[in-house]
Amino acid sequence: MEHISKRFGRATVLDGVSLDLHAGEVHALLGENGAGKSTLLKILAGVHTDHGGSILLDGRPVRPRSPAHAGALGIAVIHQELSLLPALSIAENLFVERPLGWFGFIDRRQERARAARILAEVGLDLDPDLLVERLSLPERQLVEIARALGRGARVLIMDEPTSALAGPAIDRLFELIAGLRARGVALVYVSHRMEEIERIADRLTVLRDGRVVGSARVGEIPLDQVVTWMLGPRHAPADVLPVSPSARDERLAVEDFSVDSADGERRLVDRASFVVSAGEIVGLFGLSGAGASELLLGLSGALGARARARAVRISSVPVRIGSPREARALGVAFVPADRTTMGLVPGMTAEHNGTLVVLPALSPLGWLRPARERRAALAMAADVGLRPEALAMDAATLSGGNQQKVVLGKWLLEAPRVLLCDEPTRGVDIGAKAEIHAKIRALAAAGAAVLVAGSDAREIAALADHVLVLRRGRIAADVARAEATPAALLALAMGHDEARA
Amino acid sequence: MSETPQHLETPAPRSPGKPAAWHHAPLARALVSLALVLALGVIFPAEGAFFRLGTHQGALRQASVVGILACGLLPVILAGGIDLSVGSVLGLSAVVAAKLSIHAGEPAWLSVLLVLGMGAACGAASGSVVAFARVQPFVATLAMMVFARGLAKTTSGGTKVATAVPGPDGVLRYVEVPPLFRALDAQVFGGNVAAVTLVFLAMAAIVGVVCARHRLGRYLYAVGGNEEAARLSGVPVRATKILAYVISGVCAAAAGICQAAQEQQGDPEAGVTYELTAIAMVVIGGTSLKGGRGGMGLTLLGVLTIGYLDKILSINAVPEASRLMLTGAIVIVAAVAQKNA
């Protein structure tokens, strides 16, 4: 790939990225959220077609027009969310785009025989007639790889393939990757786990802000340098903040908190224990799949029985939070990461979105009091720095920053005792980001216990009094504010389990 | 977990602050639909019949029973659901109302209370299946539709429950039409407005006020607009859904009593396909079947639009078969127009 660039509207997401992949080589691709990795992969896979620059495959210029065309060229992407059809058998899935047979009649015998051969190639000993929905997640992933190989893929792109896998399944995947490499397949491996990159990748390239900032052979480069590439020169947090007043009494205590995956096969959060004092901001830093998000979701009651704990105490009183309603009654506020799917009701005004949490208090006997509601909404708007005119607008049409202010603000009309914020400023402009950070700090200063989760090392380092670094669902380190530089956090989150701080 | 900067990929929001063009406003669209139908009446007045008061009185009276169903459907549709059982619950209610007031001779207030309670129970059953068993509303209420129709036929013994009551000796005796039915079948205000129209307007007012001014109404919009966001904000999602179906059931029961009063009998076949007309009324008014958008004002316009359409076609002696076909076509046109909003 040479000088690939891609713009969305006025934003340049990729700016002259060049990358060369060699047959029989595993190339690791790293970069923070928004660095442009996904966009680059989507261009290769034929999802985005309006890009600048050129792609050369075996020296010939190609331009994938669609995912099917990319597949025909020999480029296949294994996504984090797998794309198999669960109600069909393995064999049917392998040949779903081009069934074997003639004139539209499917030759099932031939499909089964071919499927068995392909499955054997990826070391999967399964009956091709099994329905995909009966397979475990790692098995599905292997079937997905088998499907790509069955179509003659020579360039295989894996987007965080291990994020949903446990130890033995990872070993199996890596054996397969080694086999593919030996057969001359070129692999792109997107991951942040240095341990894995060191095990299987030959070279690594780091993207930042849509550019290649560094590329090296694995093993010849220390983790510190990779982290520096990822974060860029702006290491120190822009605003140096006063440490929150010394922690007061214990507000939230969590012992052995675990969250199961939806299929119950793995633990997304594994026996996390920690304490947050009133007035304290604790950061939860982890890269995608590390479990920071799930930890907050679980504490908020949103995951119901999937979240379990030996004990959760709020102000030393043991509690059980089984639903968001129970959380609200206990004074636990939750600001989710994705405001469009989990935070806002589109079609409702910002005012009505903003009063949704406290509506019972605003409507005695059930009847709404528009004047009272208006006053509450204005107070909320003033509190989070939202223009009062914005209150009358459909929440879906607000800017990202204003939407986030509403999602945070709706919890503040009844001062929360515990505030859980997941990626509180993702996709928010700089001005709104500063306001939201200031508000979170003010809430802590007013006595709330605050947990802020995220994968933006700078944000967590800037906000938190101390930071819990998560890796594979476990708390891998507890970093005091003085040591919690973005680089240190990122190195810990990417690093080996042995390399504890 | 996506690595893409999502804020860059979402389509640019409509320029904030600027009001949408008038023809994108749902109210304007609903008014245009109604105006078009009325224009149809002006163009085809059926030898002046369209300009007679009686035609308009008739249109309103005939639209009232289905209109009551539409009022009940509104909360369900706002919450992102659908209720296919309203026509059957209407039939069941008509039968039970006739049994209670004609055969058993119960007083009006008791009959009404029992039938409305039964409608509420039907709604609560559908709603609970939707909310707790997480069965799709389409399937849950389809089951209730079939069940309630069967119950109507069982209760009535398969025949119409009329004022000809079989005695113990098998001989038919004719009894008085009960006062409840006479009252509901009457014309009030100097014979200008049908009593069922008043029932319709009363139901519309009650449901409309609940949707617009009660906490439940706000929760309906929230659940229909984004169920997950509502749940995370502490909205009682299950209770909201169940109550929506209860309102729908009560309205269907009220419509059943009105229907029985108009026919002076309880017909177990009453209300077949009414659910579809009622859904068409809500949708043509501009309430989104996806939930979260719409309201009672729009629904009333939808009731008038479909009601007038039917009346204008019938005074022009368009046969029922063609009327059905035309109604189907118009619903599609309205749905496509809404989609492009």
# chains A, B, ... in the order shown; residues from 1 in each chain; ligands from 1

$ residues_around --residues "range 396-413 of chain A" --least-positions-apart "3" --cutoff "6 Å" --atoms "only C-alpha atoms" --output "MDAnalysis selection string"
(chainID A and resid 333 335 343 346 354:355 380 384 428 432) or (chainID B and resid 13:14)

$ closest_atom_pairs --of "chain A" --to "chain B" --cutoff "7 Å" --atoms "only C-alpha atoms" --output "tab-separated table"
residue	atom	partner	partner_atom	distance
A:Phe8	CA	B:Leu8	CA	6.4
A:Asn33	CA	B:Glu3	CA	5.1
A:Gly34	CA	B:Pro5	CA	4.8
A:Gly36	CA	B:Thr4	CA	6.9
A:Ser38	CA	B:Thr4	CA	5.5
A:Thr39	CA	B:Thr4	CA	6.7
A:Ser288	CA	B:Met1	CA	5.8
A:Ala302	CA	B:Leu232	CA	6.6
A:Pro324	CA	B:Gly234	CA	5.3
A:Arg325	CA	B:Gly234	CA	4.2
A:Arg328	CA	B:Gly234	CA	6.4
A:Thr341	CA	B:Ala229	CA	6.8
A:Met342	CA	B:Ala229	CA	4.3
A:Gly343	CA	B:Ala229	CA	4.9
A:Leu344	CA	B:Ala229	CA	5.7
A:Val345	CA	B:Asn226	CA	5.0
A:Pro346	CA	B:Gly225	CA	5.9
A:Gly347	CA	B:Arg293	CA	6.5
A:Leu356	CA	B:Ser233	CA	6.7
A:Val357	CA	B:Ser233	CA	5.2
A:Ser363	CA	B:Arg215	CA	6.7
A:Gly366	CA	B:Arg215	CA	5.2
A:Trp367	CA	B:His214	CA	4.5
A:Leu368	CA	B:His214	CA	5.3
A:Thr397	CA	B:Pro13	CA	5.1
A:Leu398	CA	B:Pro16	CA	6.5
A:Gly427	CA	B:His7	CA	5.5

$ select_by_dssp --residues "range 175-282 of chain B" --states "alpha helix (DSSP H)" --output "PDB file with N, CA and C atoms, in the first residue's frame"
ATOM      1  N   PRO B 179     -80.822  -0.696  28.616  1.00  0.00           N
ATOM      2  CA  PRO B 179     -80.620   0.758  28.579  1.00  0.00           C
ATOM      3  C   PRO B 179     -79.207   1.158  28.172  1.00  0.00           C
ATOM      4  N   LEU B 180     -78.216   0.340  28.556  1.00  0.00           N
ATOM      5  CA  LEU B 180     -76.833   0.659  28.183  1.00  0.00           C
ATOM      6  C   LEU B 180     -76.698   0.764  26.667  1.00  0.00           C
ATOM      7  N   PHE B 181     -77.275  -0.217  25.980  1.00  0.00           N
ATOM      8  CA  PHE B 181     -77.140  -0.243  24.524  1.00  0.00           C
ATOM      9  C   PHE B 181     -77.914   0.903  23.896  1.00  0.00           C
ATOM     10  N   ARG B 182     -79.125   1.168  24.460  1.00  0.00           N
ATOM     11  CA  ARG B 182     -79.918   2.251  23.888  1.00  0.00           C
ATOM     12  C   ARG B 182     -79.194   3.584  24.052  1.00  0.00           C
ATOM     13  N   ALA B 183     -78.580   3.752  25.237  1.00  0.00           N
ATOM     14  CA  ALA B 183     -77.881   5.020  25.486  1.00  0.00           C
ATOM     15  C   ALA B 183     -76.721   5.196  24.511  1.00  0.00           C
ATOM     16  N   LEU B 184     -75.970   4.125  24.279  1.00  0.00           N
ATOM     17  CA  LEU B 184     -74.789   4.250  23.416  1.00  0.00           C
ATOM     18  C   LEU B 184     -75.161   4.370  21.942  1.00  0.00           C
ATOM     19  N   ALA B 195     -73.584   8.968  20.210  1.00  0.00           N
ATOM     20  CA  ALA B 195     -73.007   8.751  21.538  1.00  0.00           C
ATOM     21  C   ALA B 195     -71.667   8.027  21.432  1.00  0.00           C
ATOM     22  N   VAL B 196     -71.540   7.112  20.462  1.00  0.00           N
ATOM     23  CA  VAL B 196     -70.260   6.405  20.330  1.00  0.00           C
ATOM     24  C   VAL B 196     -69.137   7.377  19.958  1.00  0.00           C
ATOM     25  N   THR B 197     -69.483   8.426  19.227  1.00  0.00           N
ATOM     26  CA  THR B 197     -68.466   9.429  18.900  1.00  0.00           C
ATOM     27  C   THR B 197     -67.974  10.120  20.169  1.00  0.00           C
ATOM     28  N   LEU B 198     -68.917  10.344  21.100  1.00  0.00           N
ATOM     29  CA  LEU B 198     -68.496  10.939  22.372  1.00  0.00           C
ATOM     30  C   LEU B 198     -67.567   9.992  23.128  1.00  0.00           C
ATOM     31  N   VAL B 199     -67.906   8.693  23.092  1.00  0.00           N
ATOM     32  CA  VAL B 199     -67.029   7.718  23.743  1.00  0.00           C
ATOM     33  C   VAL B 199     -65.642   7.785  23.107  1.00  0.00           C
ATOM     34  N   PHE B 200     -65.624   7.819  21.768  1.00  0.00           N
ATOM     35  CA  PHE B 200     -64.354   7.905  21.033  1.00  0.00           C
ATOM     36  C   PHE B 200     -63.569   9.149  21.466  1.00  0.00           C
ATOM     37  N   LEU B 201     -64.254  10.287  21.503  1.00  0.00           N
ATOM     38  CA  LEU B 201     -63.543  11.523  21.857  1.00  0.00           C
ATOM     39  C   LEU B 201     -63.060  11.470  23.305  1.00  0.00           C
ATOM     40  N   ALA B 202     -63.875  10.864  24.179  1.00  0.00           N
ATOM     41  CA  ALA B 202     -63.463  10.763  25.579  1.00  0.00           C
ATOM     42  C   ALA B 202     -62.218   9.882  25.699  1.00  0.00           C
ATOM     43  N   MET B 203     -62.232   8.737  25.001  1.00  0.00           N
ATOM     44  CA  MET B 203     -61.054   7.863  25.038  1.00  0.00           C
ATOM     45  C   MET B 203     -59.840   8.587  24.466  1.00  0.00           C
ATOM     46  N   ALA B 204     -60.048   9.297  23.362  1.00  0.00           N
ATOM     47  CA  ALA B 204     -58.930  10.027  22.746  1.00  0.00           C
ATOM     48  C   ALA B 204     -58.377  11.054  23.726  1.00  0.00           C
ATOM     49  N   ALA B 205     -59.285  11.729  24.441  1.00  0.00           N
ATOM     50  CA  ALA B 205     -58.832  12.743  25.388  1.00  0.00           C
ATOM     51  C   ALA B 205     -58.033  12.095  26.514  1.00  0.00           C
ATOM     52  N   ILE B 206     -58.559  10.997  27.063  1.00  0.00           N
ATOM     53  CA  ILE B 206     -57.875  10.357  28.197  1.00  0.00           C
ATOM     54  C   ILE B 206     -56.494   9.843  27.757  1.00  0.00           C
ATOM     55  N   VAL B 207     -56.499   9.066  26.671  1.00  0.00           N
ATOM     56  CA  VAL B 207     -55.218   8.496  26.227  1.00  0.00           C
ATOM     57  C   VAL B 207     -54.270   9.612  25.792  1.00  0.00           C
ATOM     58  N   GLY B 208     -54.820  10.630  25.134  1.00  0.00           N
ATOM     59  CA  GLY B 208     -53.983  11.740  24.686  1.00  0.00           C
ATOM     60  C   GLY B 208     -53.326  12.456  25.852  1.00  0.00           C
ATOM     61  N   VAL B 209     -54.099  12.674  26.919  1.00  0.00           N
ATOM     62  CA  VAL B 209     -53.540  13.361  28.076  1.00  0.00           C
ATOM     63  C   VAL B 209     -52.488  12.478  28.757  1.00  0.00           C
ATOM     64  N   VAL B 210     -52.757  11.190  28.829  1.00  0.00           N
ATOM     65  CA  VAL B 210     -51.764  10.292  29.435  1.00  0.00           C
ATOM     66  C   VAL B 210     -50.462  10.341  28.623  1.00  0.00           C
ATOM     67  N   CYS B 211     -50.583  10.296  27.297  1.00  0.00           N
ATOM     68  CA  CYS B 211     -49.373  10.289  26.461  1.00  0.00           C
ATOM     69  C   CYS B 211     -48.605  11.600  26.585  1.00  0.00           C
ATOM     70  N   ALA B 212     -49.330  12.709  26.661  1.00  0.00           N
ATOM     71  CA  ALA B 212     -48.653  13.997  26.602  1.00  0.00           C
ATOM     72  C   ALA B 212     -48.297  14.548  27.977  1.00  0.00           C
ATOM     73  N   ARG B 213     -49.071  14.176  29.005  1.00  0.00           N
ATOM     74  CA  ARG B 213     -48.921  14.883  30.270  1.00  0.00           C
ATOM     75  C   ARG B 213     -48.600  13.970  31.449  1.00  0.00           C
ATOM     76  N   ARG B 215     -46.329  10.804  33.325  1.00  0.00           N
ATOM     77  CA  ARG B 215     -45.007  10.192  33.313  1.00  0.00           C
ATOM     78  C   ARG B 215     -45.000   8.948  32.429  1.00  0.00           C
ATOM     79  N   LEU B 216     -46.103   8.168  32.496  1.00  0.00           N
ATOM     80  CA  LEU B 216     -46.186   6.968  31.663  1.00  0.00           C
ATOM     81  C   LEU B 216     -46.010   7.328  30.187  1.00  0.00           C
ATOM     82  N   GLY B 217     -46.649   8.430  29.769  1.00  0.00           N
ATOM     83  CA  GLY B 217     -46.527   8.847  28.375  1.00  0.00           C
ATOM     84  C   GLY B 217     -45.083   9.111  28.001  1.00  0.00           C
ATOM     85  N   ARG B 218     -44.373   9.824  28.874  1.00  0.00           N
ATOM     86  CA  ARG B 218     -42.965  10.107  28.604  1.00  0.00           C
ATOM     87  C   ARG B 218     -42.178   8.808  28.498  1.00  0.00           C
ATOM     88  N   TYR B 219     -42.489   7.891  29.382  1.00  0.00           N
ATOM     89  CA  TYR B 219     -41.783   6.603  29.354  1.00  0.00           C
ATOM     90  C   TYR B 219     -42.094   5.829  28.071  1.00  0.00           C
ATOM     91  N   LEU B 220     -43.327   5.965  27.571  1.00  0.00           N
ATOM     92  CA  LEU B 220     -43.662   5.289  26.310  1.00  0.00           C
ATOM     93  C   LEU B 220     -42.748   5.793  25.191  1.00  0.00           C
ATOM     94  N   TYR B 221     -42.620   7.114  25.106  1.00  0.00           N
ATOM     95  CA  TYR B 221     -41.758   7.689  24.071  1.00  0.00           C
ATOM     96  C   TYR B 221     -40.305   7.238  24.282  1.00  0.00           C
ATOM     97  N   ALA B 222     -39.870   7.206  25.538  1.00  0.00           N
ATOM     98  CA  ALA B 222     -38.475   6.849  25.812  1.00  0.00           C
ATOM     99  C   ALA B 222     -38.196   5.393  25.435  1.00  0.00           C
ATOM    100  N   VAL B 223     -39.112   4.498  25.825  1.00  0.00           N
ATOM    101  CA  VAL B 223     -38.913   3.076  25.525  1.00  0.00           C
ATOM    102  C   VAL B 223     -38.952   2.849  24.014  1.00  0.00           C
ATOM    103  N   GLY B 224     -39.884   3.541  23.336  1.00  0.00           N
ATOM    104  CA  GLY B 224     -39.978   3.368  21.888  1.00  0.00           C
ATOM    105  C   GLY B 224     -38.809   3.998  21.157  1.00  0.00           C
ATOM    106  N   GLY B 225     -38.271   5.083  21.698  1.00  0.00           N
ATOM    107  CA  GLY B 225     -37.180   5.790  21.020  1.00  0.00           C
ATOM    108  C   GLY B 225     -35.852   5.074  21.172  1.00  0.00           C
ATOM    109  N   GLU B 227     -34.836   1.870  23.789  1.00  0.00           N
ATOM    110  CA  GLU B 227     -35.156   1.074  24.972  1.00  0.00           C
ATOM    111  C   GLU B 227     -33.961   0.951  25.909  1.00  0.00           C
ATOM    112  N   GLU B 228     -32.763   0.763  25.344  1.00  0.00           N
ATOM    113  CA  GLU B 228     -31.586   0.572  26.182  1.00  0.00           C
ATOM    114  C   GLU B 228     -31.253   1.845  26.963  1.00  0.00           C
ATOM    115  N   ALA B 229     -31.318   2.984  26.271  1.00  0.00           N
ATOM    116  CA  ALA B 229     -31.044   4.244  26.968  1.00  0.00           C
ATOM    117  C   ALA B 229     -32.075   4.461  28.068  1.00  0.00           C
ATOM    118  N   ALA B 230     -33.335   4.115  27.801  1.00  0.00           N
ATOM    119  CA  ALA B 230     -34.381   4.275  28.805  1.00  0.00           C
ATOM    120  C   ALA B 230     -34.092   3.384  30.008  1.00  0.00           C
ATOM    121  N   ARG B 231     -33.723   2.136  29.730  1.00  0.00           N
ATOM    122  CA  ARG B 231     -33.450   1.197  30.818  1.00  0.00           C
ATOM    123  C   ARG B 231     -32.299   1.699  31.682  1.00  0.00           C
ATOM    124  N   LEU B 232     -31.228   2.170  31.020  1.00  0.00           N
ATOM    125  CA  LEU B 232     -30.066   2.639  31.772  1.00  0.00           C
ATOM    126  C   LEU B 232     -30.368   3.916  32.541  1.00  0.00           C
ATOM    127  N   VAL B 237     -38.967  -0.285  32.214  1.00  0.00           N
ATOM    128  CA  VAL B 237     -39.308  -0.625  30.831  1.00  0.00           C
ATOM    129  C   VAL B 237     -40.437  -1.646  30.772  1.00  0.00           C
ATOM    130  N   ARG B 238     -40.356  -2.678  31.613  1.00  0.00           N
ATOM    131  CA  ARG B 238     -41.382  -3.730  31.541  1.00  0.00           C
ATOM    132  C   ARG B 238     -42.752  -3.189  31.901  1.00  0.00           C
ATOM    133  N   ALA B 239     -42.831  -2.479  33.001  1.00  0.00           N
ATOM    134  CA  ALA B 239     -44.122  -1.948  33.441  1.00  0.00           C
ATOM    135  C   ALA B 239     -44.694  -1.023  32.376  1.00  0.00           C
ATOM    136  N   THR B 240     -43.833  -0.229  31.757  1.00  0.00           N
ATOM    137  CA  THR B 240     -44.291   0.692  30.718  1.00  0.00           C
ATOM    138  C   THR B 240     -44.923  -0.080  29.567  1.00  0.00           C
ATOM    139  N   LYS B 241     -44.241  -1.139  29.142  1.00  0.00           N
ATOM    140  CA  LYS B 241     -44.778  -1.923  28.024  1.00  0.00           C
ATOM    141  C   LYS B 241     -46.115  -2.555  28.392  1.00  0.00           C
ATOM    142  N   ILE B 242     -46.161  -3.168  29.594  1.00  0.00           N
ATOM    143  CA  ILE B 242     -47.395  -3.850  29.980  1.00  0.00           C
ATOM    144  C   ILE B 242     -48.550  -2.853  30.035  1.00  0.00           C
ATOM    145  N   LEU B 243     -48.319  -1.685  30.619  1.00  0.00           N
ATOM    146  CA  LEU B 243     -49.394  -0.693  30.720  1.00  0.00           C
ATOM    147  C   LEU B 243     -49.867  -0.244  29.338  1.00  0.00           C
ATOM    148  N   ALA B 244     -48.944  -0.158  28.370  1.00  0.00           N
ATOM    149  CA  ALA B 244     -49.343   0.224  27.019  1.00  0.00           C
ATOM    150  C   ALA B 244     -50.358  -0.782  26.478  1.00  0.00           C
ATOM    151  N   TYR B 245     -50.085  -2.073  26.676  1.00  0.00           N
ATOM    152  CA  TYR B 245     -51.018  -3.087  26.172  1.00  0.00           C
ATOM    153  C   TYR B 245     -52.317  -3.095  26.973  1.00  0.00           C
ATOM    154  N   VAL B 246     -52.231  -2.755  28.265  1.00  0.00           N
ATOM    155  CA  VAL B 246     -53.455  -2.677  29.069  1.00  0.00           C
ATOM    156  C   VAL B 246     -54.359  -1.572  28.521  1.00  0.00           C
ATOM    157  N   ILE B 247     -53.761  -0.415  28.199  1.00  0.00           N
ATOM    158  CA  ILE B 247     -54.559   0.675  27.623  1.00  0.00           C
ATOM    159  C   ILE B 247     -55.211   0.207  26.329  1.00  0.00           C
ATOM    160  N   SER B 248     -54.431  -0.491  25.523  1.00  0.00           N
ATOM    161  CA  SER B 248     -54.956  -0.988  24.255  1.00  0.00           C
ATOM    162  C   SER B 248     -56.122  -1.942  24.491  1.00  0.00           C
ATOM    163  N   GLY B 249     -55.984  -2.827  25.482  1.00  0.00           N
ATOM    164  CA  GLY B 249     -57.045  -3.789  25.787  1.00  0.00           C
ATOM    165  C   GLY B 249     -58.309  -3.096  26.282  1.00  0.00           C
ATOM    166  N   VAL B 250     -58.139  -2.102  27.147  1.00  0.00           N
ATOM    167  CA  VAL B 250     -59.305  -1.379  27.673  1.00  0.00           C
ATOM    168  C   VAL B 250     -60.024  -0.659  26.541  1.00  0.00           C
ATOM    169  N   CYS B 251     -59.264  -0.034  25.639  1.00  0.00           N
ATOM    170  CA  CYS B 251     -59.891   0.659  24.512  1.00  0.00           C
ATOM    171  C   CYS B 251     -60.636  -0.327  23.617  1.00  0.00           C
ATOM    172  N   ALA B 252     -60.019  -1.492  23.383  1.00  0.00           N
ATOM    173  CA  ALA B 252     -60.678  -2.485  22.539  1.00  0.00           C
ATOM    174  C   ALA B 252     -61.982  -2.946  23.194  1.00  0.00           C
ATOM    175  N   ALA B 253     -61.977  -3.079  24.522  1.00  0.00           N
ATOM    176  CA  ALA B 253     -63.190  -3.488  25.229  1.00  0.00           C
ATOM    177  C   ALA B 253     -64.260  -2.408  25.101  1.00  0.00           C
ATOM    178  N   ALA B 254     -63.865  -1.153  25.254  1.00  0.00           N
ATOM    179  CA  ALA B 254     -64.822  -0.052  25.108  1.00  0.00           C
ATOM    180  C   ALA B 254     -65.405  -0.053  23.705  1.00  0.00           C
ATOM    181  N   ALA B 255     -64.546  -0.272  22.714  1.00  0.00           N
ATOM    182  CA  ALA B 255     -65.019  -0.321  21.334  1.00  0.00           C
ATOM    183  C   ALA B 255     -65.994  -1.484  21.157  1.00  0.00           C
ATOM    184  N   GLY B 256     -65.737  -2.594  21.832  1.00  0.00           N
ATOM    185  CA  GLY B 256     -66.624  -3.756  21.744  1.00  0.00           C
ATOM    186  C   GLY B 256     -68.005  -3.447  22.302  1.00  0.00           C
ATOM    187  N   ILE B 257     -68.054  -2.744  23.437  1.00  0.00           N
ATOM    188  CA  ILE B 257     -69.348  -2.373  24.015  1.00  0.00           C
ATOM    189  C   ILE B 257     -70.109  -1.475  23.033  1.00  0.00           C
ATOM    190  N   CYS B 258     -69.392  -0.523  22.437  1.00  0.00           N
ATOM    191  CA  CYS B 258     -70.039   0.382  21.480  1.00  0.00           C
ATOM    192  C   CYS B 258     -70.570  -0.390  20.268  1.00  0.00           C
ATOM    193  N   GLN B 259     -69.754  -1.305  19.794  1.00  0.00           N
ATOM    194  CA  GLN B 259     -70.155  -2.093  18.629  1.00  0.00           C
ATOM    195  C   GLN B 259     -71.407  -2.898  18.943  1.00  0.00           C
ATOM    196  N   ALA B 260     -71.431  -3.528  20.131  1.00  0.00           N
ATOM    197  CA  ALA B 260     -72.593  -4.325  20.530  1.00  0.00           C
ATOM    198  C   ALA B 260     -73.819  -3.428  20.628  1.00  0.00           C
ATOM    199  N   ALA B 261     -73.638  -2.212  21.158  1.00  0.00           N
ATOM    200  CA  ALA B 261     -74.763  -1.300  21.297  1.00  0.00           C
ATOM    201  C   ALA B 261     -75.309  -0.912  19.927  1.00  0.00           C
ATOM    202  N   GLN B 262     -74.419  -0.652  18.985  1.00  0.00           N
ATOM    203  CA  GLN B 262     -74.873  -0.247  17.651  1.00  0.00           C
ATOM    204  C   GLN B 262     -75.605  -1.378  16.950  1.00  0.00           C
ATOM    205  N   GLU B 263     -75.111  -2.595  17.165  1.00  0.00           N
ATOM    206  CA  GLU B 263     -75.753  -3.738  16.486  1.00  0.00           C
ATOM    207  C   GLU B 263     -76.877  -4.323  17.317  1.00  0.00           C
ATOM    208  N   TYR B 274     -60.511  -5.232  11.865  1.00  0.00           N
ATOM    209  CA  TYR B 274     -60.517  -3.859  12.387  1.00  0.00           C
ATOM    210  C   TYR B 274     -59.114  -3.449  12.837  1.00  0.00           C
ATOM    211  N   GLU B 275     -58.345  -4.431  13.351  1.00  0.00           N
ATOM    212  CA  GLU B 275     -57.009  -4.065  13.849  1.00  0.00           C
ATOM    213  C   GLU B 275     -56.173  -3.443  12.745  1.00  0.00           C
ATOM    214  N   LEU B 276     -56.372  -3.950  11.513  1.00  0.00           N
ATOM    215  CA  LEU B 276     -55.556  -3.428  10.421  1.00  0.00           C
ATOM    216  C   LEU B 276     -55.963  -2.005  10.070  1.00  0.00           C
ATOM    217  N   THR B 277     -57.289  -1.757  10.066  1.00  0.00           N
ATOM    218  CA  THR B 277     -57.748  -0.390   9.807  1.00  0.00           C
ATOM    219  C   THR B 277     -57.238   0.552  10.893  1.00  0.00           C
ATOM    220  N   ALA B 278     -57.299   0.084  12.152  1.00  0.00           N
ATOM    221  CA  ALA B 278     -56.864   0.942  13.255  1.00  0.00           C
ATOM    222  C   ALA B 278     -55.371   1.246  13.143  1.00  0.00           C
ATOM    223  N   ILE B 279     -54.574   0.234  12.795  1.00  0.00           N
ATOM    224  CA  ILE B 279     -53.127   0.463  12.618  1.00  0.00           C
ATOM    225  C   ILE B 279     -52.912   1.471  11.490  1.00  0.00           C
ATOM    226  N   ALA B 280     -53.686   1.290  10.395  1.00  0.00           N
ATOM    227  CA  ALA B 280     -53.551   2.222   9.265  1.00  0.00           C
ATOM    228  C   ALA B 280     -53.855   3.644   9.717  1.00  0.00           C
ATOM    229  N   MET B 281     -54.869   3.806  10.570  1.00  0.00           N
ATOM    230  CA  MET B 281     -55.215   5.145  11.060  1.00  0.00           C
ATOM    231  C   MET B 281     -54.043   5.767  11.825  1.00  0.00           C
ATOM    232  N   VAL B 282     -53.448   4.981  12.726  1.00  0.00           N
ATOM    233  CA  VAL B 282     -52.337   5.514  13.528  1.00  0.00           C
ATOM    234  C   VAL B 282     -51.162   5.875  12.618  1.00  0.00           C
TER     235      VAL B 282
END

$ residues_around --residues "Ala415 in chain A" --least-positions-apart "6" --cutoff "10 Å" --atoms "only C-alpha atoms" --output "compact mmCIF listing (two decimals) with C-alpha atoms, in the first residue's frame"
# COMPACT_ATOMS: atom_id res chain seq x y z
CA GLY A 331 -27.44 6.99 44.04
CA VAL A 332 -25.25 5.26 41.47
CA ALA A 333 -25.09 7.16 38.17
CA LEU A 443 -18.61 16.30 41.28
CA ALA A 446 -18.58 17.78 46.04
CA GLY A 447 -18.19 14.34 47.56
CA ALA A 448 -19.05 11.77 44.89

$ residues_around --residues "range 96-99 of chain A" --least-positions-apart "5" --cutoff "10 Å" --atoms "only C-alpha atoms" --output "list in words"
Ala68, Leu84, Leu85, Leu88, Ile90, Ala91, Gly104, Phe105, Ile106, Asp107, Arg108, Gln110, Glu111, Arg147 and Arg151 of chain A
